[in-house]
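The structure under discussion appears below in the form of structure tokens.
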Amino acid sequence: MSISSFLTKKFLKSLFFPAHNRGKALPNKLIKLLKHPPGFWDLPELPEIGSPLSKNGLIADSQKSFSDKFNTKSCFFGVNGASGLIQSGIIAMANPGECILMPRNVHISVIKACALQNIIPIFFDLEFSIKTGHFKPITKKWFTNVLKNINIKKRKIVGVIFVNPYYQGYSKDLEPLIKICHQKNLPVLVDEAHGSYLLFCENMNLPKSAVSSKADLVVQSLHKSLNGLTQTAIIWYQGNLIEESNLRKSINLLQTTSPSSLLLSSCEESLKDWLKQENLSKYQKRIIEAKDIFQELIKRGIPLIKTQDPLKIILETSKIGIDGFTADKFFYKNGLIAELPEIMTLTFCLGFSKQKGFVNLLDKLWKELTIKSKRIKNLNLQKPPFKLIDTPEIPIGLAWRNKTQIIPLTESLGKISGDIICPYPPGIPLIVPGERIDKARLNWIETQSLYNEDLLNSYIRVLQN
Ligand SMILES: Cc1ncc(COP(=O)(O)O)c(C=O)c1O
């Protein structure tokens, strides 16, 4: 089967990203554009349009109108996902050999940028829930304790990264944490890949966007948390701690010379869509409906985990002794396609269209799965074996470039990793280049591989002695 044939495959219910729900929630103007003869709209960087880095043209005007609207200094569209703009942000924040403080649950794109530039990640651990298998959102108390245990100057830390919300929707108000960083003259990049829509919903008792909390750089994935096409993203820039020229330079470093006009138009339309009052009301209704879906499922006795993002429905599959990967396969076979399987849970993303029939379908399949599941067993979940503060033993860029050999993971005890081991989704690395594979880390990764086929029989590149 060709890729193009597969793209029209129908599923009973699609609860995955992109959040436009297979076109149903695309902005009207984009739908209109796509109705023109196929490909007609695929234009190069004509002077009237320009590119995200042009001083003039439709893209520059559009970006300016959004940055004015949200009181930032500037913003830039991206066509290589939040990944690409996170990487540009990191390169704007630190030079090779300098350090960035970051939580252990950063996205793999952060680690790749560090490897590329030899920027040193200083990881801090997060609280972890053994019930859900998820990291808990960071609190001011936790972060203050992290800072107490680290010498910022001695470590040459030049910036901080936070992830908020997490993939599953956990979120905390970052403003107090950002203030602490700013008092120390440290710029903050917030990976808000999962929170673009929060910017438009300030009065809905939802988490606050880091744009309003004055983070220096905020990166949003417009296909994950707004109604953009896959690969669309935006970076917001404000404050005085990062130079705009540095940011422009690093966007330029990684950006294609031929950004897709369709994707750039999708960036613009997905943001504009939410600025129109009638559309905003429609999307806000979706959010209220999402809360109703959660309540109805709970009423029917389906075990769910609540986070701060109503658009994520997290099924606690471990309640019946089933891991999220097994449950995911069962639902997939039955036409219900989820987004994120993990050991204890399976996360569905509601997106921005109406989800008629989801409650009944999930209810029906959950009952079937409960009957089929043999018997309740305890899943073997281990807390990640991270220290409160940690950094790779060998600089990440050196380890990445070093001579390596590929060996089975089971034989890697005591070796230094030259590789990133990272199941996707959620794209959070279990080990990064330069880290030593000790007993605790090896056991933990092996336990994960009991459930996750991606990790089964896995091999790893380790540094040659
Ligand atoms: C927390 C987080 N940040 C960044 C990204 C990258 O987003 P994109 O797929 O738009 O590149 C992801 C993707 O899964 C993510 O979960």
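Residue numbers start at 1 in each chain; chains themselves are named A, B, ... in the order of the structure tokens; ligands are numbered from 1 in the order shown.
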
| request: Would you mind listing the residues within 10 Å of ligand 1, counting only C-alpha atoms and all ligand atoms, as a VMD selection string? | output: chain A and resid 17 to 18 78 to 87 105 to 110 162 to 169 190 to 195 219 to 225 229 to 234 340 424 to 428

Go ahead and save the picked residues with C-alpha atoms, as a CSV table (one decimal), in the first residue's frame.
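Below is the file selection_9.csv, written as the result:
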```csv
chain,number,residue,atom,x,y,z
A,17,PHE,CA,-2.8,14.4,17.3
A,18,PRO,CA,-3.0,16.6,15.2
A,78,GLY,CA,8.0,27.4,12.3
A,79,VAL,CA,7.5,24.5,9.9
A,80,ASN,CA,9.6,21.9,11.7
A,81,GLY,CA,7.3,21.5,14.6
A,82,ALA,CA,7.9,22.7,18.1
A,83,SER,CA,11.1,20.5,17.9
A,84,GLY,CA,12.7,22.9,15.4
A,85,LEU,CA,11.9,26.0,17.3
A,86,ILE,CA,12.9,24.6,20.7
A,87,GLN,CA,16.3,23.8,19.2
A,105,ASN,CA,11.3,15.1,31.3
A,106,VAL,CA,12.5,17.4,28.5
A,107,HIS,CA,11.6,16.4,25.0
A,108,ILE,CA,14.3,14.6,22.9
A,109,SER,CA,14.6,17.7,20.7
A,110,VAL,CA,16.3,19.5,23.6
A,162,PHE,CA,10.6,24.1,31.8
A,163,VAL,CA,8.0,21.8,30.2
A,164,ASN,CA,4.5,23.0,30.9
A,165,PRO,CA,2.0,21.4,30.4
A,166,TYR,CA,3.3,17.9,30.2
A,167,TYR,CA,2.1,15.5,27.5
A,168,GLN,CA,-0.7,14.2,29.7
A,169,GLY,CA,-1.8,17.8,30.6
A,190,VAL,CA,9.1,27.1,28.2
A,191,ASP,CA,8.2,24.1,26.1
A,192,GLU,CA,4.5,24.8,25.8
A,193,ALA,CA,4.1,22.3,22.9
A,194,HIS,CA,0.9,21.0,24.7
A,195,GLY,CA,-0.5,24.4,25.7
A,219,VAL,CA,7.5,27.4,22.0
A,220,GLN,CA,4.0,26.0,21.1
A,221,SER,CA,3.2,23.1,18.8
A,222,LEU,CA,0.2,24.4,16.8
A,223,HIS,CA,-0.7,20.9,15.6
A,224,LYS,CA,-0.7,19.4,19.1
A,225,SER,CA,-2.6,22.1,21.0
A,229,LEU,CA,-1.4,21.2,10.3
A,230,THR,CA,1.3,18.8,11.4
A,231,GLN,CA,4.7,20.5,11.7
A,232,THR,CA,3.3,23.9,12.5
A,233,ALA,CA,4.7,25.8,15.5
A,234,ILE,CA,5.4,29.2,16.9
A,340,LEU,CA,-0.1,7.9,24.2
A,424,TYR,CA,8.1,7.9,21.2
A,425,PRO,CA,5.6,9.0,22.3
A,426,PRO,CA,6.2,10.7,24.7
A,427,GLY,CA,9.7,11.4,23.4
A,428,ILE,CA,11.3,11.7,26.8
```

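Residues of segment 151-281 of chain A assigned to strand (DSSP E or B) by DSSP on this structure's backbone: Ile157, Val158, Gly159, Val160, Ile161, Phe162, Val163, Val188, Leu189, Val190, Asp191, Leu217, Val218, Val219, Gln220, Ser221, Ala233, Ile234, Ile235, Trp236 and Tyr237 of chain A.
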
Could you write out the selected residues, including N, CA and C atoms, as a PDB file, in the first residue's frame?
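Once everything was written out, this is result_19.pdb:
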```
ATOM      1  N   ILE A 157      25.738  27.991  34.411  1.00  0.00           N
ATOM      2  CA  ILE A 157      24.358  27.850  33.926  1.00  0.00           C
ATOM      3  C   ILE A 157      23.910  29.185  33.345  1.00  0.00           C
ATOM      4  N   VAL A 158      23.429  29.147  32.102  1.00  0.00           N
ATOM      5  CA  VAL A 158      23.065  30.403  31.440  1.00  0.00           C
ATOM      6  C   VAL A 158      21.578  30.479  31.099  1.00  0.00           C
ATOM      7  N   GLY A 159      20.828  29.431  31.445  1.00  0.00           N
ATOM      8  CA  GLY A 159      19.397  29.468  31.152  1.00  0.00           C
ATOM      9  C   GLY A 159      18.695  28.268  31.746  1.00  0.00           C
ATOM     10  N   VAL A 160      17.352  28.351  31.745  1.00  0.00           N
ATOM     11  CA  VAL A 160      16.541  27.286  32.350  1.00  0.00           C
ATOM     12  C   VAL A 160      15.435  26.899  31.367  1.00  0.00           C
ATOM     13  N   ILE A 161      15.148  25.605  31.320  1.00  0.00           N
ATOM     14  CA  ILE A 161      14.020  25.134  30.503  1.00  0.00           C
ATOM     15  C   ILE A 161      12.967  24.524  31.430  1.00  0.00           C
ATOM     16  N   PHE A 162      11.698  24.818  31.157  1.00  0.00           N
ATOM     17  CA  PHE A 162      10.597  24.119  31.819  1.00  0.00           C
ATOM     18  C   PHE A 162       9.695  23.519  30.750  1.00  0.00           C
ATOM     19  N   VAL A 163       9.057  22.415  31.099  1.00  0.00           N
ATOM     20  CA  VAL A 163       8.037  21.830  30.221  1.00  0.00           C
ATOM     21  C   VAL A 163       6.699  22.049  30.917  1.00  0.00           C
ATOM     22  N   VAL A 188      14.461  32.080  30.588  1.00  0.00           N
ATOM     23  CA  VAL A 188      13.672  30.844  30.678  1.00  0.00           C
ATOM     24  C   VAL A 188      13.033  30.528  29.329  1.00  0.00           C
ATOM     25  N   LEU A 189      13.214  29.284  28.899  1.00  0.00           N
ATOM     26  CA  LEU A 189      12.496  28.791  27.718  1.00  0.00           C
ATOM     27  C   LEU A 189      11.435  27.816  28.226  1.00  0.00           C
ATOM     28  N   VAL A 190      10.189  28.054  27.844  1.00  0.00           N
ATOM     29  CA  VAL A 190       9.141  27.103  28.238  1.00  0.00           C
ATOM     30  C   VAL A 190       8.689  26.319  27.009  1.00  0.00           C
ATOM     31  N   ASP A 191       8.778  25.007  27.135  1.00  0.00           N
ATOM     32  CA  ASP A 191       8.246  24.121  26.108  1.00  0.00           C
ATOM     33  C   ASP A 191       6.753  23.978  26.382  1.00  0.00           C
ATOM     34  N   LEU A 217      11.291  32.844  26.219  1.00  0.00           N
ATOM     35  CA  LEU A 217      10.957  32.144  24.984  1.00  0.00           C
ATOM     36  C   LEU A 217       9.873  31.111  25.314  1.00  0.00           C
ATOM     37  N   VAL A 218       8.843  31.086  24.487  1.00  0.00           N
ATOM     38  CA  VAL A 218       7.795  30.072  24.682  1.00  0.00           C
ATOM     39  C   VAL A 218       7.549  29.416  23.330  1.00  0.00           C
ATOM     40  N   VAL A 219       7.646  28.088  23.307  1.00  0.00           N
ATOM     41  CA  VAL A 219       7.450  27.374  22.049  1.00  0.00           C
ATOM     42  C   VAL A 219       6.156  26.571  22.124  1.00  0.00           C
ATOM     43  N   GLN A 220       5.311  26.764  21.125  1.00  0.00           N
ATOM     44  CA  GLN A 220       4.031  26.040  21.087  1.00  0.00           C
ATOM     45  C   GLN A 220       3.934  25.203  19.816  1.00  0.00           C
ATOM     46  N   SER A 221       3.378  24.033  19.960  1.00  0.00           N
ATOM     47  CA  SER A 221       3.160  23.144  18.820  1.00  0.00           C
ATOM     48  C   SER A 221       1.730  23.376  18.348  1.00  0.00           C
ATOM     49  N   ALA A 233       4.269  25.391  14.145  1.00  0.00           N
ATOM     50  CA  ALA A 233       4.678  25.781  15.503  1.00  0.00           C
ATOM     51  C   ALA A 233       4.934  27.282  15.538  1.00  0.00           C
ATOM     52  N   ILE A 234       5.085  27.782  16.760  1.00  0.00           N
ATOM     53  CA  ILE A 234       5.416  29.206  16.927  1.00  0.00           C
ATOM     54  C   ILE A 234       6.338  29.370  18.135  1.00  0.00           C
ATOM     55  N   ILE A 235       7.253  30.354  18.031  1.00  0.00           N
ATOM     56  CA  ILE A 235       8.061  30.714  19.198  1.00  0.00           C
ATOM     57  C   ILE A 235       7.769  32.180  19.526  1.00  0.00           C
ATOM     58  N   TRP A 236       7.496  32.448  20.814  1.00  0.00           N
ATOM     59  CA  TRP A 236       7.234  33.805  21.296  1.00  0.00           C
ATOM     60  C   TRP A 236       8.488  34.298  22.008  1.00  0.00           C
ATOM     61  N   TYR A 237       8.817  35.559  21.775  1.00  0.00           N
ATOM     62  CA  TYR A 237      10.044  36.117  22.354  1.00  0.00           C
ATOM     63  C   TYR A 237       9.722  37.392  23.115  1.00  0.00           C
TER      64      TYR A 237
END
```

| request: Would you mind reading off the distance between atom CA of Asp390 of chain A and atom CA of Cys99 of chain A, one decimal, in Å? | output: 11.9 Å

Nearby residues (only C-alpha atoms) at most 10 Å from segment 10-14 of chain A, same-chain spacing under 2 positions excluded, as a PDB file with N, CA, C and O atoms, in the first residue's frame:
```pdb
ATOM      1  N   PHE A   6      -2.814   5.080   2.350  1.00  0.00           N
ATOM      2  CA  PHE A   6      -3.063   4.912   3.791  1.00  0.00           C
ATOM      3  C   PHE A   6      -3.669   6.182   4.408  1.00  0.00           C
ATOM      4  O   PHE A   6      -4.465   6.126   5.334  1.00  0.00           O
ATOM      5  N   LEU A   7      -3.277   7.332   3.835  1.00  0.00           N
ATOM      6  CA  LEU A   7      -3.710   8.599   4.448  1.00  0.00           C
ATOM      7  C   LEU A   7      -5.230   8.788   4.453  1.00  0.00           C
ATOM      8  O   LEU A   7      -5.758   9.603   5.197  1.00  0.00           O
ATOM      9  N   THR A   8      -5.915   8.024   3.617  1.00  0.00           N
ATOM     10  CA  THR A   8      -7.375   8.189   3.589  1.00  0.00           C
ATOM     11  C   THR A   8      -8.077   7.093   4.404  1.00  0.00           C
ATOM     12  O   THR A   8      -9.294   6.984   4.391  1.00  0.00           O
ATOM     13  N   PHE A  16      -6.158  11.156  18.461  1.00  0.00           N
ATOM     14  CA  PHE A  16      -4.717  11.419  18.455  1.00  0.00           C
ATOM     15  C   PHE A  16      -4.452  12.791  17.870  1.00  0.00           C
ATOM     16  O   PHE A  16      -5.361  13.460  17.383  1.00  0.00           O
ATOM     17  N   PHE A  17      -3.174  13.193  17.932  1.00  0.00           N
ATOM     18  CA  PHE A  17      -2.775  14.439  17.274  1.00  0.00           C
ATOM     19  C   PHE A  17      -2.603  14.178  15.787  1.00  0.00           C
ATOM     20  O   PHE A  17      -2.300  13.053  15.414  1.00  0.00           O
ATOM     21  N   PRO A  18      -2.726  15.153  14.914  1.00  0.00           N
ATOM     22  CA  PRO A  18      -2.992  16.560  15.171  1.00  0.00           C
ATOM     23  C   PRO A  18      -4.395  16.813  15.726  1.00  0.00           C
ATOM     24  O   PRO A  18      -5.323  16.063  15.410  1.00  0.00           O
ATOM     25  N   ALA A  19      -4.511  17.884  16.502  1.00  0.00           N
ATOM     26  CA  ALA A  19      -5.731  18.142  17.253  1.00  0.00           C
ATOM     27  C   ALA A  19      -6.877  18.684  16.392  1.00  0.00           C
ATOM     28  O   ALA A  19      -7.960  18.928  16.905  1.00  0.00           O
ATOM     29  N   ASN A  21      -8.348  16.949  14.439  1.00  0.00           N
ATOM     30  CA  ASN A  21      -9.217  15.774  14.268  1.00  0.00           C
ATOM     31  C   ASN A  21      -9.516  15.446  12.806  1.00  0.00           C
ATOM     32  O   ASN A  21     -10.651  15.498  12.365  1.00  0.00           O
ATOM     33  N   ARG A  22      -8.488  15.116  12.099  1.00  0.00           N
ATOM     34  CA  ARG A  22      -8.583  14.714  10.689  1.00  0.00           C
ATOM     35  C   ARG A  22      -9.363  15.735   9.848  1.00  0.00           C
ATOM     36  O   ARG A  22     -10.216  15.399   9.027  1.00  0.00           O
ATOM     37  N   PHE A 331      -7.708  -1.512  21.779  1.00  0.00           N
ATOM     38  CA  PHE A 331      -8.568  -0.434  21.270  1.00  0.00           C
ATOM     39  C   PHE A 331      -8.299  -0.187  19.775  1.00  0.00           C
ATOM     40  O   PHE A 331      -9.220   0.024  18.999  1.00  0.00           O
ATOM     41  N   TYR A 332      -7.028  -0.239  19.402  1.00  0.00           N
ATOM     42  CA  TYR A 332      -6.656   0.007  17.990  1.00  0.00           C
ATOM     43  C   TYR A 332      -7.357  -1.008  17.079  1.00  0.00           C
ATOM     44  O   TYR A 332      -7.937  -0.664  16.060  1.00  0.00           O
ATOM     45  N   LYS A 333      -7.291  -2.265  17.517  1.00  0.00           N
ATOM     46  CA  LYS A 333      -7.931  -3.341  16.727  1.00  0.00           C
ATOM     47  C   LYS A 333      -9.426  -3.095  16.565  1.00  0.00           C
ATOM     48  O   LYS A 333     -10.037  -3.506  15.592  1.00  0.00           O
ATOM     49  N   ASN A 334      -9.980  -2.392  17.544  1.00  0.00           N
ATOM     50  CA  ASN A 334     -11.412  -2.133  17.513  1.00  0.00           C
ATOM     51  C   ASN A 334     -11.761  -0.734  17.007  1.00  0.00           C
ATOM     52  O   ASN A 334     -12.870  -0.255  17.190  1.00  0.00           O
ATOM     53  N   GLY A 335     -10.785  -0.084  16.402  1.00  0.00           N
ATOM     54  CA  GLY A 335     -11.065   1.180  15.714  1.00  0.00           C
ATOM     55  C   GLY A 335     -10.990   2.429  16.574  1.00  0.00           C
ATOM     56  O   GLY A 335     -11.255   3.529  16.100  1.00  0.00           O
ATOM     57  N   LEU A 336     -10.642   2.268  17.848  1.00  0.00           N
ATOM     58  CA  LEU A 336     -10.504   3.454  18.715  1.00  0.00           C
ATOM     59  C   LEU A 336      -9.012   3.744  18.871  1.00  0.00           C
ATOM     60  O   LEU A 336      -8.286   2.994  19.529  1.00  0.00           O
ATOM     61  N   ILE A 337      -8.554   4.830  18.261  1.00  0.00           N
ATOM     62  CA  ILE A 337      -7.114   5.066  18.190  1.00  0.00           C
ATOM     63  C   ILE A 337      -6.717   6.146  19.200  1.00  0.00           C
ATOM     64  O   ILE A 337      -7.184   7.285  19.116  1.00  0.00           O
ATOM     65  N   ALA A 338      -5.854   5.745  20.138  1.00  0.00           N
ATOM     66  CA  ALA A 338      -5.433   6.664  21.200  1.00  0.00           C
ATOM     67  C   ALA A 338      -4.123   7.336  20.820  1.00  0.00           C
ATOM     68  O   ALA A 338      -3.561   7.087  19.748  1.00  0.00           O
ATOM     69  N   GLU A 339      -3.616   8.200  21.724  1.00  0.00           N
ATOM     70  CA  GLU A 339      -2.384   8.946  21.425  1.00  0.00           C
ATOM     71  C   GLU A 339      -1.166   8.395  22.160  1.00  0.00           C
ATOM     72  O   GLU A 339      -0.106   8.223  21.569  1.00  0.00           O
ATOM     73  N   PHE A 348      -5.956   9.593  25.678  1.00  0.00           N
ATOM     74  CA  PHE A 348      -6.680   9.974  24.457  1.00  0.00           C
ATOM     75  C   PHE A 348      -6.672  11.498  24.371  1.00  0.00           C
ATOM     76  O   PHE A 348      -6.848  12.182  25.379  1.00  0.00           O
ATOM     77  N   CYS A 349      -6.485  12.030  23.147  1.00  0.00           N
ATOM     78  CA  CYS A 349      -6.514  13.481  22.969  1.00  0.00           C
ATOM     79  C   CYS A 349      -7.792  13.855  22.240  1.00  0.00           C
ATOM     80  O   CYS A 349      -8.002  13.413  21.098  1.00  0.00           O
ATOM     81  N   LEU A 350      -8.616  14.659  22.881  1.00  0.00           N
ATOM     82  CA  LEU A 350      -9.928  14.947  22.302  1.00  0.00           C
ATOM     83  C   LEU A 350      -9.839  15.879  21.101  1.00  0.00           C
ATOM     84  O   LEU A 350     -10.643  15.792  20.185  1.00  0.00           O
ATOM     85  N   GLY A 351      -8.867  16.786  21.106  1.00  0.00           N
ATOM     86  CA  GLY A 351      -8.767  17.726  19.986  1.00  0.00           C
ATOM     87  C   GLY A 351      -9.925  18.713  20.009  1.00  0.00           C
ATOM     88  O   GLY A 351     -10.634  18.845  21.021  1.00  0.00           O
ATOM     89  N   GLN A 355     -16.741  15.279  19.889  1.00  0.00           N
ATOM     90  CA  GLN A 355     -16.369  13.858  19.983  1.00  0.00           C
ATOM     91  C   GLN A 355     -17.612  13.018  20.245  1.00  0.00           C
ATOM     92  O   GLN A 355     -17.726  12.328  21.259  1.00  0.00           O
ATOM     93  N   LYS A 356     -18.541  13.083  19.277  1.00  0.00           N
ATOM     94  CA  LYS A 356     -19.785  12.309  19.432  1.00  0.00           C
ATOM     95  C   LYS A 356     -19.471  10.815  19.432  1.00  0.00           C
ATOM     96  O   LYS A 356     -18.682  10.355  18.606  1.00  0.00           O
ATOM     97  N   GLY A 357     -20.048  10.087  20.322  1.00  0.00           N
ATOM     98  CA  GLY A 357     -19.919   8.625  20.298  1.00  0.00           C
ATOM     99  C   GLY A 357     -18.707   8.102  21.054  1.00  0.00           C
ATOM    100  O   GLY A 357     -18.584   6.898  21.263  1.00  0.00           O
ATOM    101  N   PHE A 358     -17.803   8.991  21.486  1.00  0.00           N
ATOM    102  CA  PHE A 358     -16.575   8.518  22.145  1.00  0.00           C
ATOM    103  C   PHE A 358     -16.893   7.844  23.487  1.00  0.00           C
ATOM    104  O   PHE A 358     -16.391   6.760  23.789  1.00  0.00           O
ATOM    105  N   LEU A 361     -18.415   4.392  22.987  1.00  0.00           N
ATOM    106  CA  LEU A 361     -17.445   3.446  22.421  1.00  0.00           C
ATOM    107  C   LEU A 361     -16.417   3.038  23.479  1.00  0.00           C
ATOM    108  O   LEU A 361     -16.107   1.847  23.649  1.00  0.00           O
ATOM    109  N   LEU A 362     -15.903   4.032  24.206  1.00  0.00           N
ATOM    110  CA  LEU A 362     -14.899   3.709  25.227  1.00  0.00           C
ATOM    111  C   LEU A 362     -15.522   2.830  26.317  1.00  0.00           C
ATOM    112  O   LEU A 362     -14.911   1.844  26.765  1.00  0.00           O
TER     113      LEU A 362
END
```

| query | For Ser318 of chain A, which residue out of A:Ile420, A:Asn402, A:His182, A:Gly133 is the nearest one, using only C-alpha atoms? | reply | A:Gly133
